[in-house]
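Just below is one structure, and these are the notes that go with it.
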Amino acid sequence: MILKGAEIGRYLAKPDPTRPALLIYGQDAMRVALKRAEAVAALTGPNADEEMRLTRIPGADLRKDAALVLDAIKEVGFFPGQRVVLVEDTPDAAAPAISAALKEWAHGDAVIVVTAGALAKSSALRKLFEPHQAAVTTPIYDDPPGEEEITRWLKDAGLGDVPQNAMRDLLALSRALDPGDFRQTVEKISLYKHGDESPLTPEEIALMAPATIEAEVDELIDVVAEGKSDAFGKLMRRIEGQGIAPVTLCIAALRHFRALHMASADPGGPQAGLSRMRPPVFGPRRDRMARQAQAWGMRNLEEAVHHLLETDQQLRSSSRAPQMALIERALIRLAMMPRGAR
């Protein structure tokens with residue numbers, strides 16, 4: 001049996017222990033590992049390792065000893081509860097050993113969970129699992145988790161009834177982070193909200209999201225975009241003292257003003273444009289950038305992008321002009337530019 005789409009998340013959250021085996025495979029090793037951990041935890045419940053109800057077998061070992069899986073599923077444990085035999089990083093060469101175990105599997109035996117990397121259609125593992133009447137195949141794609149899956153994770157972490165604006169930002173965050181970082185962020189949010197009955201807010205999500213290593217550069221660009229020239233000098237000196245390259249500052253400013261320009265051009269307005277970006281902008285950051293886009297206007301943003309492109313060319317040329325002075329002058333000019341749509 002092959003699962004597709006939302007069926008995969010629902011099944012892995014609550015696998016059927018009466019089915020003999022489960023194949024989880026995909027290109028992204030982190031996504032496969034997260035899904036495998038979720039499925040095994042759902043099958044065995046807590047304390048599986050301590051109670052010796054979980055047996056781990058490296059897939060490569062089955063080429064040397066084909067009976068490892070069969071012996072493991074037939075073992076009788078000392079503790080009650082569902083047992084699982086986990087075969088990890090499984091090569092196609094292990095397919096005959098798993099096939100032999102499947103043929104001998106009977107109710108009461110341990111469930112076999114097999115993980116693998118990307119598998120072609122011609123893969124021996126896929127040819128074994130996909131046509132099997134009782135075994136389950138779950139291909140894991142590089143898609144971000146959907147609202148249903150995120151809601152389930154939050155519920156498991158003790159957070160229910162998440163407001164729609166907070167869920168919208170969580171969906172945006174799931175597209176911006178890799179799966180492991182996103183799951184850690186969900187756990188961090190649940191710890192932060194422990195004992196707090198108030199609804200989860202976009203501000204709290206932004207507070208718990210991984211901090212960018214370019215936070216001070218972002219702060220400088222915001223100062224420029226908002227015309228706060230009185231705060232510019234102090235921030236610029238601090239960033240200069242950290243040894244950040246002028247080209248890095250120019251690239252950051254260009255990226256920011258291009259994002260404002262795209263947001264300003266969106267038919268649905270700046271908020272919608274920022275939400276549609278990849279990676280998307282969310283939470284208070286989206287609100288702040290939307291205000292900046294509205295304050296600048298389309299024509300002024302076009303001039304700002306053009307000015308930064310010229311500065312970038314100068315920085316990359318053989319000009320002997322001091323580079324930090326070049327980017328500082330460009331940013332000051334932007335901070336002093338009059339705003340408003342024209």
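Naming works like this for the structure tokens: A, B, ... for the chains as they're shown, residue 1 at the start of each chain, ligands 1 onward in shown order.
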Give me the residues within 7 Å of stretch 334-339 of chain A as a list in words, counting only C-alpha atoms and dropping any in the same chain fewer than 5 places off. Val224, Ala225, Gly227, Lys228, Ser229, Ala295, Trp296, Asn300 and Ala304 of chain A
Each residue of stretch 25-82 of chain A with at least one atom at most 12 Å from stretch 114-124 of chain A should appear once, together with its nearest atom pair and the corresponding distance in Å (one decimal); atoms considered: only C-alpha atoms; ordering: chain, then increasing residue number; output as a Markdown table.
```
| residue | atom | partner | partner_atom | distance |
| --- | --- | --- | --- | --- |
| A:Tyr25 | CA | A:Ala116 | CA | 4.6 |
| A:Gly26 | CA | A:Ala118 | CA | 4.6 |
| A:Gln27 | CA | A:Ala118 | CA | 4.5 |
| A:Asp28 | CA | A:Gly117 | CA | 7.4 |
| A:Ala29 | CA | A:Gly117 | CA | 6.7 |
| A:Met30 | CA | A:Gly117 | CA | 10.3 |
| A:Arg31 | CA | A:Gly117 | CA | 10.3 |
| A:Val32 | CA | A:Thr115 | CA | 7.3 |
| A:Ala33 | CA | A:Thr115 | CA | 8.2 |
| A:Leu34 | CA | A:Thr115 | CA | 11.0 |
| A:Lys35 | CA | A:Thr115 | CA | 9.7 |
| A:Arg36 | CA | A:Thr115 | CA | 7.3 |
| A:Ala37 | CA | A:Thr115 | CA | 10.6 |
| A:Ala39 | CA | A:Val114 | CA | 11.0 |
| A:Val40 | CA | A:Val114 | CA | 10.6 |
| A:Thr55 | CA | A:Val114 | CA | 11.9 |
| A:Arg56 | CA | A:Val114 | CA | 10.2 |
| A:Ile57 | CA | A:Val114 | CA | 9.6 |
| A:Pro58 | CA | A:Thr115 | CA | 9.9 |
| A:Gly59 | CA | A:Val114 | CA | 8.3 |
| A:Ala60 | CA | A:Ala116 | CA | 11.0 |
| A:Val69 | CA | A:Val114 | CA | 10.6 |
```
Go ahead and dump the residues you just picked, N, CA, C and O atoms, as a tab-separated table (two decimals), in the first residue's frame.
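part_27.tsv, freshly written:
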```tsv
chain	number	residue	atom	x	y	z
A	25	TYR	N	10.95	6.49	3.06
A	25	TYR	CA	12.14	6.86	2.28
A	25	TYR	C	12.00	8.26	1.71
A	25	TYR	O	10.89	8.78	1.55
A	26	GLY	N	13.14	8.90	1.42
A	26	GLY	CA	13.12	10.24	0.84
A	26	GLY	C	14.51	10.80	0.68
A	26	GLY	O	15.48	10.32	1.26
A	27	GLN	N	14.60	11.87	-0.10
A	27	GLN	CA	15.87	12.52	-0.41
A	27	GLN	C	16.47	13.20	0.82
A	27	GLN	O	17.67	13.16	1.05
A	28	ASP	N	15.62	13.85	1.61
A	28	ASP	CA	16.09	14.63	2.76
A	28	ASP	C	16.18	13.73	3.99
A	28	ASP	O	15.17	13.31	4.55
A	29	ALA	N	17.40	13.46	4.43
A	29	ALA	CA	17.62	12.55	5.56
A	29	ALA	C	16.98	13.06	6.84
A	29	ALA	O	16.48	12.28	7.65
A	30	MET	N	16.97	14.40	7.05
A	30	MET	CA	16.37	14.96	8.25
A	30	MET	C	14.87	14.73	8.27
A	30	MET	O	14.29	14.35	9.30
A	31	ARG	N	14.21	14.95	7.14
A	31	ARG	CA	12.75	14.73	7.08
A	31	ARG	C	12.42	13.26	7.34
A	31	ARG	O	11.46	12.94	8.04
A	32	VAL	N	13.21	12.36	6.73
A	32	VAL	CA	12.98	10.93	6.93
A	32	VAL	C	13.16	10.57	8.41
A	32	VAL	O	12.37	9.83	8.99
A	33	ALA	N	14.22	11.12	9.03
A	33	ALA	CA	14.49	10.82	10.44
A	33	ALA	C	13.37	11.31	11.34
A	33	ALA	O	12.97	10.62	12.30
A	34	LEU	N	12.83	12.50	11.07
A	34	LEU	CA	11.75	13.03	11.89
A	34	LEU	C	10.49	12.17	11.75
A	34	LEU	O	9.82	11.88	12.75
A	35	LYS	N	10.17	11.76	10.53
A	35	LYS	CA	8.98	10.93	10.31
A	35	LYS	C	9.16	9.55	10.94
A	35	LYS	O	8.23	8.98	11.52
A	36	ARG	N	10.37	9.02	10.83
A	36	ARG	CA	10.66	7.71	11.44
A	36	ARG	C	10.49	7.78	12.95
A	36	ARG	O	9.86	6.91	13.57
A	37	ALA	N	11.04	8.83	13.56
A	37	ALA	CA	10.93	8.98	15.01
A	37	ALA	C	9.47	9.11	15.44
A	37	ALA	O	9.06	8.53	16.46
A	39	ALA	N	6.79	7.91	13.85
A	39	ALA	CA	6.10	6.62	13.67
A	39	ALA	C	6.49	5.62	14.75
A	39	ALA	O	5.62	4.94	15.31
A	40	VAL	N	7.77	5.53	15.06
A	40	VAL	CA	8.23	4.57	16.07
A	40	VAL	C	7.66	4.93	17.44
A	40	VAL	O	7.21	4.06	18.19
A	55	THR	N	14.34	-2.60	18.63
A	55	THR	CA	15.60	-3.18	18.16
A	55	THR	C	16.06	-2.41	16.92
A	55	THR	O	15.30	-2.27	15.96
A	56	ARG	N	17.28	-1.90	16.96
A	56	ARG	CA	17.82	-1.13	15.83
A	56	ARG	C	18.83	-1.98	15.07
A	56	ARG	O	19.73	-2.57	15.66
A	57	ILE	N	18.68	-2.01	13.75
A	57	ILE	CA	19.59	-2.77	12.90
A	57	ILE	C	20.05	-1.88	11.74
A	57	ILE	O	19.22	-1.38	10.98
A	58	PRO	N	21.36	-1.66	11.58
A	58	PRO	CA	21.83	-0.94	10.39
A	58	PRO	C	21.52	-1.76	9.14
A	58	PRO	O	21.79	-2.96	9.09
A	59	GLY	N	20.94	-1.12	8.15
A	59	GLY	CA	20.56	-1.83	6.94
A	59	GLY	C	21.71	-2.56	6.26
A	59	GLY	O	21.53	-3.64	5.70
A	60	ALA	N	22.90	-1.97	6.33
A	60	ALA	CA	24.06	-2.59	5.67
A	60	ALA	C	24.42	-3.94	6.29
A	60	ALA	O	25.00	-4.80	5.62
A	69	VAL	N	16.79	-9.63	10.78
A	69	VAL	CA	15.44	-9.09	10.92
A	69	VAL	C	14.47	-10.17	11.38
A	69	VAL	O	13.66	-9.97	12.28
```
Given the choices A:Ser190, A:Thr138, A:Thr185, A:Thr44, which gets closest to A:Ala157 if the distance is worked out from only C-alpha atoms? A:Ser190
Can you pull out every residue from stretch 189-242 of chain A that DSSP, working from the backbone, puts in helix (DSSP H, G or I), and format the result as an MDAnalysis selection string? chainID A and resid 189:192 202:208 215:225 229:241
Going by DSSP on the backbone, which residues of stretch 71-143 of chain A come out as strand (DSSP E)? List them as a PyMOL selection string. chain A and resi 84-88+111-116+136-140
Save out the residues we just selected, N, CA, C and O atoms, as a PDB file, in the first residue's frame.
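Resulting contents of result-v4.pdb:
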```
ATOM      1  N   VAL A  84       9.086  -3.028  18.041  1.00  0.00           N
ATOM      2  CA  VAL A  84       9.433  -2.542  16.700  1.00  0.00           C
ATOM      3  C   VAL A  84      10.867  -2.930  16.387  1.00  0.00           C
ATOM      4  O   VAL A  84      11.758  -2.819  17.242  1.00  0.00           O
ATOM      5  N   VAL A  85      11.089  -3.394  15.155  1.00  0.00           N
ATOM      6  CA  VAL A  85      12.438  -3.621  14.644  1.00  0.00           C
ATOM      7  C   VAL A  85      12.698  -2.524  13.611  1.00  0.00           C
ATOM      8  O   VAL A  85      12.018  -2.446  12.586  1.00  0.00           O
ATOM      9  N   LEU A  86      13.664  -1.667  13.907  1.00  0.00           N
ATOM     10  CA  LEU A  86      13.969  -0.523  13.048  1.00  0.00           C
ATOM     11  C   LEU A  86      15.214  -0.827  12.225  1.00  0.00           C
ATOM     12  O   LEU A  86      16.290  -1.035  12.777  1.00  0.00           O
ATOM     13  N   VAL A  87      15.047  -0.840  10.904  1.00  0.00           N
ATOM     14  CA  VAL A  87      16.165  -1.071   9.984  1.00  0.00           C
ATOM     15  C   VAL A  87      16.472   0.274   9.323  1.00  0.00           C
ATOM     16  O   VAL A  87      15.657   0.809   8.567  1.00  0.00           O
ATOM     17  N   GLU A  88      17.655   0.829   9.603  1.00  0.00           N
ATOM     18  CA  GLU A  88      17.967   2.191   9.177  1.00  0.00           C
ATOM     19  C   GLU A  88      18.969   2.224   8.026  1.00  0.00           C
ATOM     20  O   GLU A  88      19.816   1.350   7.892  1.00  0.00           O
ATOM     21  N   VAL A 111       6.696  -5.053  14.653  1.00  0.00           N
ATOM     22  CA  VAL A 111       6.500  -4.344  13.388  1.00  0.00           C
ATOM     23  C   VAL A 111       7.866  -3.943  12.840  1.00  0.00           C
ATOM     24  O   VAL A 111       8.743  -3.485  13.581  1.00  0.00           O
ATOM     25  N   ILE A 112       8.061  -4.115  11.531  1.00  0.00           N
ATOM     26  CA  ILE A 112       9.324  -3.747  10.884  1.00  0.00           C
ATOM     27  C   ILE A 112       9.187  -2.344  10.310  1.00  0.00           C
ATOM     28  O   ILE A 112       8.300  -2.076   9.492  1.00  0.00           O
ATOM     29  N   VAL A 113      10.065  -1.426  10.738  1.00  0.00           N
ATOM     30  CA  VAL A 113      10.111  -0.070  10.176  1.00  0.00           C
ATOM     31  C   VAL A 113      11.432   0.074   9.435  1.00  0.00           C
ATOM     32  O   VAL A 113      12.507  -0.079  10.029  1.00  0.00           O
ATOM     33  N   VAL A 114      11.352   0.321   8.134  1.00  0.00           N
ATOM     34  CA  VAL A 114      12.533   0.402   7.275  1.00  0.00           C
ATOM     35  C   VAL A 114      12.683   1.839   6.778  1.00  0.00           C
ATOM     36  O   VAL A 114      11.718   2.432   6.280  1.00  0.00           O
ATOM     37  N   THR A 115      13.878   2.417   6.921  1.00  0.00           N
ATOM     38  CA  THR A 115      14.125   3.753   6.380  1.00  0.00           C
ATOM     39  C   THR A 115      15.206   3.676   5.310  1.00  0.00           C
ATOM     40  O   THR A 115      16.106   2.830   5.363  1.00  0.00           O
ATOM     41  N   ALA A 116      15.095   4.564   4.334  1.00  0.00           N
ATOM     42  CA  ALA A 116      16.065   4.587   3.235  1.00  0.00           C
ATOM     43  C   ALA A 116      16.122   5.997   2.666  1.00  0.00           C
ATOM     44  O   ALA A 116      15.255   6.839   2.933  1.00  0.00           O
ATOM     45  N   VAL A 136       3.217  -1.054   4.277  1.00  0.00           N
ATOM     46  CA  VAL A 136       2.877   0.337   3.935  1.00  0.00           C
ATOM     47  C   VAL A 136       4.124   1.060   3.440  1.00  0.00           C
ATOM     48  O   VAL A 136       5.210   0.922   4.013  1.00  0.00           O
ATOM     49  N   THR A 137       3.960   1.841   2.368  1.00  0.00           N
ATOM     50  CA  THR A 137       5.051   2.636   1.807  1.00  0.00           C
ATOM     51  C   THR A 137       4.720   4.112   1.965  1.00  0.00           C
ATOM     52  O   THR A 137       3.638   4.565   1.568  1.00  0.00           O
ATOM     53  N   THR A 138       5.649   4.891   2.538  1.00  0.00           N
ATOM     54  CA  THR A 138       5.429   6.333   2.724  1.00  0.00           C
ATOM     55  C   THR A 138       6.616   7.117   2.157  1.00  0.00           C
ATOM     56  O   THR A 138       7.626   7.279   2.828  1.00  0.00           O
ATOM     57  N   PRO A 139       6.511   7.588   0.924  1.00  0.00           N
ATOM     58  CA  PRO A 139       7.566   8.453   0.381  1.00  0.00           C
ATOM     59  C   PRO A 139       7.512   9.825   1.046  1.00  0.00           C
ATOM     60  O   PRO A 139       6.429  10.399   1.211  1.00  0.00           O
ATOM     61  N   ILE A 140       8.658  10.345   1.450  1.00  0.00           N
ATOM     62  CA  ILE A 140       8.726  11.640   2.122  1.00  0.00           C
ATOM     63  C   ILE A 140       9.313  12.659   1.148  1.00  0.00           C
ATOM     64  O   ILE A 140      10.454  12.528   0.710  1.00  0.00           O
TER      65      ILE A 140
END
```
I want to know what sits within 12 Å of A:Leu309, based on only C-alpha atoms, with residues of the same chain fewer than 3 positions away left out; could you give that as an mmCIF file with N, CA, C and O atoms, in the first residue's frame?
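Listing of around09.cif after writing:
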```cif
data_model
loop_
_atom_site.group_PDB
_atom_site.id
_atom_site.type_symbol
_atom_site.label_atom_id
_atom_site.label_comp_id
_atom_site.auth_asym_id
_atom_site.auth_seq_id
_atom_site.Cartn_x
_atom_site.Cartn_y
_atom_site.Cartn_z
ATOM 1 N N VAL A 247 30.497 45.030 0.852
ATOM 2 C CA VAL A 247 29.668 44.321 -0.130
ATOM 3 C C VAL A 247 28.524 43.588 0.561
ATOM 4 O O VAL A 247 27.401 43.533 0.055
ATOM 5 N N CYS A 250 25.849 46.057 1.266
ATOM 6 C CA CYS A 250 25.164 46.449 0.034
ATOM 7 C C CYS A 250 24.180 45.360 -0.405
ATOM 8 O O CYS A 250 23.052 45.650 -0.798
ATOM 9 N N ILE A 251 24.619 44.104 -0.329
ATOM 10 C CA ILE A 251 23.747 42.991 -0.716
ATOM 11 C C ILE A 251 22.516 42.938 0.188
ATOM 12 O O ILE A 251 21.391 42.740 -0.276
ATOM 13 N N ALA A 252 22.721 43.140 1.500
ATOM 14 C CA ALA A 252 21.604 43.114 2.446
ATOM 15 C C ALA A 252 20.616 44.236 2.152
ATOM 16 O O ALA A 252 19.393 44.029 2.159
ATOM 17 N N ALA A 253 21.139 45.434 1.879
ATOM 18 C CA ALA A 253 20.264 46.565 1.568
ATOM 19 C C ALA A 253 19.516 46.335 0.256
ATOM 20 O O ALA A 253 18.312 46.617 0.147
ATOM 21 N N LEU A 254 20.227 45.807 -0.744
ATOM 22 C CA LEU A 254 19.596 45.545 -2.036
ATOM 23 C C LEU A 254 18.496 44.500 -1.907
ATOM 24 O O LEU A 254 17.399 44.654 -2.475
ATOM 25 N N ARG A 255 18.756 43.455 -1.145
ATOM 26 C CA ARG A 255 17.747 42.418 -0.920
ATOM 27 C C ARG A 255 16.512 43.008 -0.237
ATOM 28 O O ARG A 255 15.374 42.704 -0.605
ATOM 29 N N PHE A 257 15.438 46.236 -0.151
ATOM 30 C CA PHE A 257 14.671 47.186 -0.968
ATOM 31 C C PHE A 257 14.014 46.500 -2.166
ATOM 32 O O PHE A 257 12.952 46.944 -2.611
ATOM 33 N N ARG A 258 14.608 45.436 -2.661
ATOM 34 C CA ARG A 258 13.931 44.660 -3.700
ATOM 35 C C ARG A 258 12.658 44.009 -3.132
ATOM 36 O O ARG A 258 11.633 43.942 -3.809
ATOM 37 N N GLU A 302 11.938 52.063 -6.728
ATOM 38 C CA GLU A 302 12.688 51.791 -7.964
ATOM 39 C C GLU A 302 13.995 52.584 -7.981
ATOM 40 O O GLU A 302 15.052 52.061 -8.358
ATOM 41 N N GLU A 303 13.939 53.847 -7.558
ATOM 42 C CA GLU A 303 15.156 54.674 -7.498
ATOM 43 C C GLU A 303 16.143 54.114 -6.478
ATOM 44 O O GLU A 303 17.361 54.103 -6.716
ATOM 45 N N ALA A 304 15.635 53.666 -5.349
ATOM 46 C CA ALA A 304 16.504 53.114 -4.307
ATOM 47 C C ALA A 304 17.217 51.861 -4.795
ATOM 48 O O ALA A 304 18.430 51.701 -4.579
ATOM 49 N N VAL A 305 16.496 50.962 -5.459
ATOM 50 C CA VAL A 305 17.104 49.739 -5.995
ATOM 51 C C VAL A 305 18.150 50.089 -7.046
ATOM 52 O O VAL A 305 19.251 49.516 -7.058
ATOM 53 N N HIS A 306 17.825 51.053 -7.926
ATOM 54 C CA HIS A 306 18.784 51.467 -8.961
ATOM 55 C C HIS A 306 20.055 52.044 -8.328
ATOM 56 O O HIS A 306 21.178 51.721 -8.749
ATOM 57 N N ASP A 312 26.706 48.732 -5.813
ATOM 58 C CA ASP A 312 27.244 47.371 -5.855
ATOM 59 C C ASP A 312 28.271 47.231 -6.964
ATOM 60 O O ASP A 312 29.335 46.607 -6.775
ATOM 61 N N GLN A 313 28.002 47.824 -8.133
ATOM 62 C CA GLN A 313 28.959 47.771 -9.245
ATOM 63 C C GLN A 313 30.250 48.489 -8.887
ATOM 64 O O GLN A 313 31.349 48.024 -9.210
ATOM 65 N N GLN A 314 30.117 49.625 -8.217
ATOM 66 C CA GLN A 314 31.316 50.372 -7.801
ATOM 67 C C GLN A 314 32.158 49.566 -6.811
ATOM 68 O O GLN A 314 33.387 49.535 -6.895
ATOM 69 N N LEU A 315 31.494 48.917 -5.872
ATOM 70 C CA LEU A 315 32.213 48.131 -4.861
ATOM 71 C C LEU A 315 32.960 46.961 -5.484
ATOM 72 O O LEU A 315 34.012 46.545 -4.990
ATOM 73 N N ARG A 316 32.415 46.418 -6.561
ATOM 74 C CA ARG A 316 33.030 45.246 -7.207
ATOM 75 C C ARG A 316 34.002 45.632 -8.316
ATOM 76 O O ARG A 316 34.621 44.765 -8.931
ATOM 77 N N ILE A 327 29.602 52.656 0.596
ATOM 78 C CA ILE A 327 28.318 52.092 1.026
ATOM 79 C C ILE A 327 27.676 52.986 2.088
ATOM 80 O O ILE A 327 26.446 53.146 2.125
ATOM 81 N N ALA A 330 25.989 55.786 0.305
ATOM 82 C CA ALA A 330 24.793 55.313 -0.381
ATOM 83 C C ALA A 330 23.626 55.131 0.598
ATOM 84 O O ALA A 330 22.484 55.515 0.322
#
```
Got a sec: who's within 9 Å of A:Pro17, counting only C-alpha atoms, leaving out chain neighbours fewer than 6 positions off, as a PDB file with N, CA and C atoms, in the first residue's frame?
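Here's the written file out09.pdb:
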```
ATOM      1  N   LEU A  43       4.059   3.921  17.617  1.00  0.00           N
ATOM      2  CA  LEU A  43       3.871   2.466  17.709  1.00  0.00           C
ATOM      3  C   LEU A  43       4.205   1.933  19.102  1.00  0.00           C
ATOM      4  N   GLN A  82       3.879  -3.034  22.411  1.00  0.00           N
ATOM      5  CA  GLN A  82       4.256  -3.218  21.011  1.00  0.00           C
ATOM      6  C   GLN A  82       5.774  -3.152  20.829  1.00  0.00           C
ATOM      7  N   ALA A 110       7.085  -8.308  16.098  1.00  0.00           N
ATOM      8  CA  ALA A 110       7.428  -6.888  16.061  1.00  0.00           C
ATOM      9  C   ALA A 110       7.128  -6.308  14.676  1.00  0.00           C
ATOM     10  N   VAL A 111       6.696  -5.053  14.653  1.00  0.00           N
ATOM     11  CA  VAL A 111       6.500  -4.344  13.388  1.00  0.00           C
ATOM     12  C   VAL A 111       7.866  -3.943  12.840  1.00  0.00           C
TER      13      VAL A 111
END
```
Name all residues at most 8 Å from A:Lys74 (count only C-alpha atoms; drop same-chain ones fewer than 2 positions away) and give them as a ChimeraX atom specification. /A:70-72,76,109-110
Store the residues picked out above, limited to C-alpha atoms, as a PDB file, in the first residue's frame.
```pdb
ATOM      1  CA  LEU A  70      13.642 -12.437  11.071  1.00  0.00           C
ATOM      2  CA  ASP A  71      15.285 -13.292  14.412  1.00  0.00           C
ATOM      3  CA  ALA A  72      14.495  -9.843  15.818  1.00  0.00           C
ATOM      4  CA  VAL A  76       9.852 -12.499  22.936  1.00  0.00           C
ATOM      5  CA  ASP A 109       5.596 -10.208  15.989  1.00  0.00           C
ATOM      6  CA  ALA A 110       7.428  -6.888  16.061  1.00  0.00           C
TER       7      ALA A 110
END
```
At a cut-off of 8 Å, using only C-alpha atoms, what residues contact stretch 277-285 of chain A? Leave out same-chain residues fewer than 6 positions from it and give the result as a PyMOL selection string. chain A and resi 169+172-173+175-176+202-203+205-206
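Checking A:Ile221, A:Met298, A:Met167, A:Met289 one by one against A:Ala265, counting only C-alpha atoms, you find the shortest gap at A:Met298.
Using only C-alpha atoms for every distance, the candidate list A:Arg152, A:Pro199, A:Pro46, A:Arg83 yields A:Arg152 as the residue closest to A:Ala13.
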